[in-house]
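Raw contents of my_file.tsv, TSV, C-alpha atoms:
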```
chain	number	residue	atom	x	y	z
A	1	MET	CA	8.87	-3.61	-11.49
A	2	ARG	CA	7.06	-5.66	-8.91
A	3	LEU	CA	7.13	-6.13	-5.18
A	4	THR	CA	7.27	-9.73	-4.15
A	5	GLY	CA	5.99	-10.86	-0.80
A	6	THR	CA	3.02	-8.52	-0.75
A	7	ASP	CA	-0.61	-9.51	-0.66
A	8	LEU	CA	-2.62	-9.15	-3.82
A	9	LEU	CA	-6.32	-9.68	-4.31
A	10	ARG	CA	-7.43	-12.87	-5.95
A	11	LEU	CA	-8.53	-12.53	-9.52
A	12	ASN	CA	-12.34	-12.56	-9.78
A	13	SER	CA	-12.74	-12.75	-6.01
A	14	VAL	CA	-16.03	-11.89	-4.36
A	15	MET	CA	-15.78	-8.78	-2.19
A	16	ALA	CA	-18.36	-6.84	-0.25
A	17	PRO	CA	-19.39	-3.65	-2.03
A	18	GLU	CA	-18.67	-1.75	1.19
A	19	PHE	CA	-15.07	-2.99	1.17
A	20	ILE	CA	-14.60	-2.00	-2.45
A	21	GLU	CA	-16.09	1.45	-1.85
A	22	SER	CA	-13.87	1.94	1.22
A	23	GLN	CA	-10.80	1.65	-0.99
A	24	TYR	CA	-11.67	4.97	-2.61
A	25	GLU	CA	-11.38	6.87	0.69
A	26	ASN	CA	-7.60	7.24	0.39
A	27	PRO	CA	-5.39	6.43	-2.62
A	28	ALA	CA	-2.94	4.64	-0.30
A	29	TYR	CA	-5.56	2.07	0.78
A	30	PRO	CA	-5.67	-0.15	-2.31
A	31	ILE	CA	-1.90	-0.26	-2.73
A	32	GLU	CA	-0.96	-0.96	0.88
A	33	ARG	CA	0.27	-4.40	1.74
A	34	CYS	CA	-1.98	-6.26	4.12
A	35	ILE	CA	-1.22	-4.72	7.50
A	36	ILE	CA	-3.37	-7.15	9.49
A	37	TYR	CA	-1.54	-10.27	8.36
A	38	ASP	CA	1.90	-8.69	8.38
A	39	ALA	CA	1.39	-7.28	11.87
A	40	GLY	CA	0.20	-10.66	13.06
A	41	SER	CA	3.41	-12.30	11.90
A	42	ARG	CA	5.48	-9.64	13.68
A	43	ALA	CA	3.23	-8.96	16.65
A	44	PHE	CA	5.99	-9.82	19.09
A	45	TRP	CA	8.46	-7.37	17.55
A	46	LEU	CA	6.64	-4.21	16.55
A	47	PRO	CA	9.79	-2.23	15.57
A	48	GLU	CA	10.59	-4.79	12.84
A	49	TYR	CA	7.05	-4.55	11.52
A	50	CYS	CA	7.18	-0.74	11.37
A	51	HIS	CA	10.48	-0.82	9.51
A	52	ASP	CA	9.07	-3.38	7.06
A	53	VAL	CA	6.16	-1.06	6.28
A	54	ILE	CA	8.55	1.86	5.75
A	55	ASP	CA	10.67	-0.33	3.48
A	56	TYR	CA	7.57	-1.25	1.46
A	57	TRP	CA	6.77	2.41	0.87
A	58	LYS	CA	10.41	3.19	0.05
A	59	GLN	CA	10.31	0.49	-2.61
A	60	ASN	CA	7.17	2.05	-4.07
A	61	LEU	CA	8.86	5.46	-3.99
A	62	SER	CA	11.79	3.97	-5.88
A	63	PHE	CA	9.43	2.53	-8.49
A	64	ALA	CA	7.80	5.96	-8.86
A	65	GLU	CA	11.20	7.59	-9.30
A	66	GLN	CA	11.87	5.05	-12.06
A	67	GLY	CA	8.66	6.06	-13.83
A	68	MET	CA	5.93	3.83	-12.41
A	69	THR	CA	2.64	5.66	-12.02
A	70	TYR	CA	-0.09	5.27	-9.44
A	71	ALA	CA	-2.38	3.93	-12.17
A	72	GLN	CA	0.14	1.21	-13.07
A	73	LEU	CA	0.56	0.11	-9.47
A	74	LEU	CA	-3.19	0.17	-8.88
A	75	ALA	CA	-3.69	-2.03	-11.96
A	76	GLU	CA	-1.34	-4.56	-10.37
A	77	ARG	CA	-2.71	-4.35	-6.83
A	78	PHE	CA	-6.46	-3.89	-7.34
A	79	PRO	CA	-7.27	-3.92	-11.07
A	80	SER	CA	-11.05	-3.76	-10.66
A	81	LEU	CA	-10.96	-0.28	-9.09
A	82	ASP	CA	-11.72	2.75	-11.23
A	83	VAL	CA	-8.46	4.70	-11.35
A	84	SER	CA	-10.29	7.81	-12.53
A	85	ARG	CA	-11.74	8.14	-9.00
A	86	PHE	CA	-8.19	8.80	-7.82
A	87	SER	CA	-7.62	11.76	-10.11
A	88	GLY	CA	-4.34	13.43	-9.34
A	89	ALA	CA	-3.03	10.56	-7.23
A	90	ASP	CA	0.75	10.70	-7.39
A	91	LEU	CA	2.70	7.62	-6.32
A	92	LYS	CA	5.71	9.64	-5.15
A	93	THR	CA	3.56	11.85	-2.94
A	94	ILE	CA	1.61	8.93	-1.50
A	95	ALA	CA	4.77	6.98	-0.72
A	96	ARG	CA	6.47	9.97	0.91
A	97	THR	CA	3.37	10.69	3.00
A	98	GLN	CA	3.17	7.10	4.21
A	99	ILE	CA	6.89	7.02	5.04
A	100	GLN	CA	6.59	10.24	7.06
A	101	LYS	CA	3.51	8.92	8.87
A	102	MET	CA	5.29	5.71	9.88
A	103	GLU	CA	8.49	7.49	10.91
A	104	LYS	CA	6.49	9.91	13.05
A	105	MET	CA	4.69	6.98	14.68
A	106	ILE	CA	8.00	5.29	15.50
A	107	LYS	CA	9.40	8.45	17.08
A	108	GLY	CA	6.24	8.81	19.15
```

Kindly transcribe the structure held in the file into structure tokens.
Amino acid sequence: MRLTGTDLLRLNSVMAPEFIESQYENPAYPIERCIIYDAGSRAFWLPEYCHDVIDYWKQNLSFAEQGMTYAQLLAERFPSLDVSRFSGADLKTIARTQIQKMEKMIKG
């Protein structure tokens, strides 16, 4: 199970310690696709962008329903992070929360 067309971090890339530490603030952060670049490509049609983000989270929810864990997805997206700092992170819950947040934003 993999999502194509999403941004991944380069293997052995150099990152600011502050950026790495910021990823621990919310378990959704390290598994989100890159919102800055995706929004830039869709800046002229915001509704399409919002629906793409919802679709991304729905795909992750589907993976979770098929048995993928948060730890497995994190290992794919940001393998250098310490998964134990996300104790209790549940991929289904995270995906559902992100979907609800985006849908609420669309409705205004």

Please identify all polymer residues within 8 Å of A:Ile31, counting only C-alpha atoms, omitting same-chain residues fewer than 6 positions from it, and present them as a PyMOL selection string. chain A and resi 73-74+77-78

One decimal, in Å: what's the spacing between atom CA of A:Gln59 and atom CA of A:Met105? 19.3 Å

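Distance check against A:Gly88 using only C-alpha atoms: of A:Ser22, A:Thr69, A:Gln100, A:Ser13, the minimum falls on A:Thr69.
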
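Shortest separation to A:Tyr56 among A:Ala28, A:Glu76, A:Ile99, A:Lys107 occurs at residue A:Ile99, atoms counted being all atoms listed in the file.
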
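You will find atom CA of A:Val83 at 9.3 Å from atom CA of A:Tyr24.
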
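Going from atom CA of A:Arg96 to atom CA of A:Asp82 covers 23.0 Å.
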
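Every polymer residue reaching to within 10 Å of (8.5, 3.0, 19.2), counting all atoms listed in the file, appears in this list: Leu46, Pro47, Cys50, Glu103, Lys104, Met105, Ile106, Lys107 and Gly108 of chain A.
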
Filtering to C-alpha atoms, could you give me those residues as an mmCIF file, in the coordinates of the input?
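File again-v7.cif, as written:
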```cif
data_model
loop_
_atom_site.group_PDB
_atom_site.id
_atom_site.type_symbol
_atom_site.label_atom_id
_atom_site.label_comp_id
_atom_site.auth_asym_id
_atom_site.auth_seq_id
_atom_site.Cartn_x
_atom_site.Cartn_y
_atom_site.Cartn_z
ATOM 1 C CA LEU A 46 6.640 -4.210 16.550
ATOM 2 C CA PRO A 47 9.790 -2.230 15.570
ATOM 3 C CA CYS A 50 7.180 -0.740 11.370
ATOM 4 C CA GLU A 103 8.490 7.490 10.910
ATOM 5 C CA LYS A 104 6.490 9.910 13.050
ATOM 6 C CA MET A 105 4.690 6.980 14.680
ATOM 7 C CA ILE A 106 8.000 5.290 15.500
ATOM 8 C CA LYS A 107 9.400 8.450 17.080
ATOM 9 C CA GLY A 108 6.240 8.810 19.150
#
```

Need to verify the contact set: stretch 60-66 of chain A, 6 Å, all atoms listed in the file, exclusion of same-chain residues closer than 4 positions in sequence. Can you return it as an MDAnalysis selection string? chainID A and resid 91:92 95

Take the residues that were just selected and, keeping C-alpha atoms, output them as a PDB file, keeping the file's coordinate frame.
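Result file is part-v8.pdb:
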```
ATOM      1  CA  LEU A  91       2.700   7.620  -6.320  1.00  0.00           C
ATOM      2  CA  LYS A  92       5.710   9.640  -5.150  1.00  0.00           C
ATOM      3  CA  ALA A  95       4.770   6.980  -0.720  1.00  0.00           C
TER       4      ALA A  95
END
```
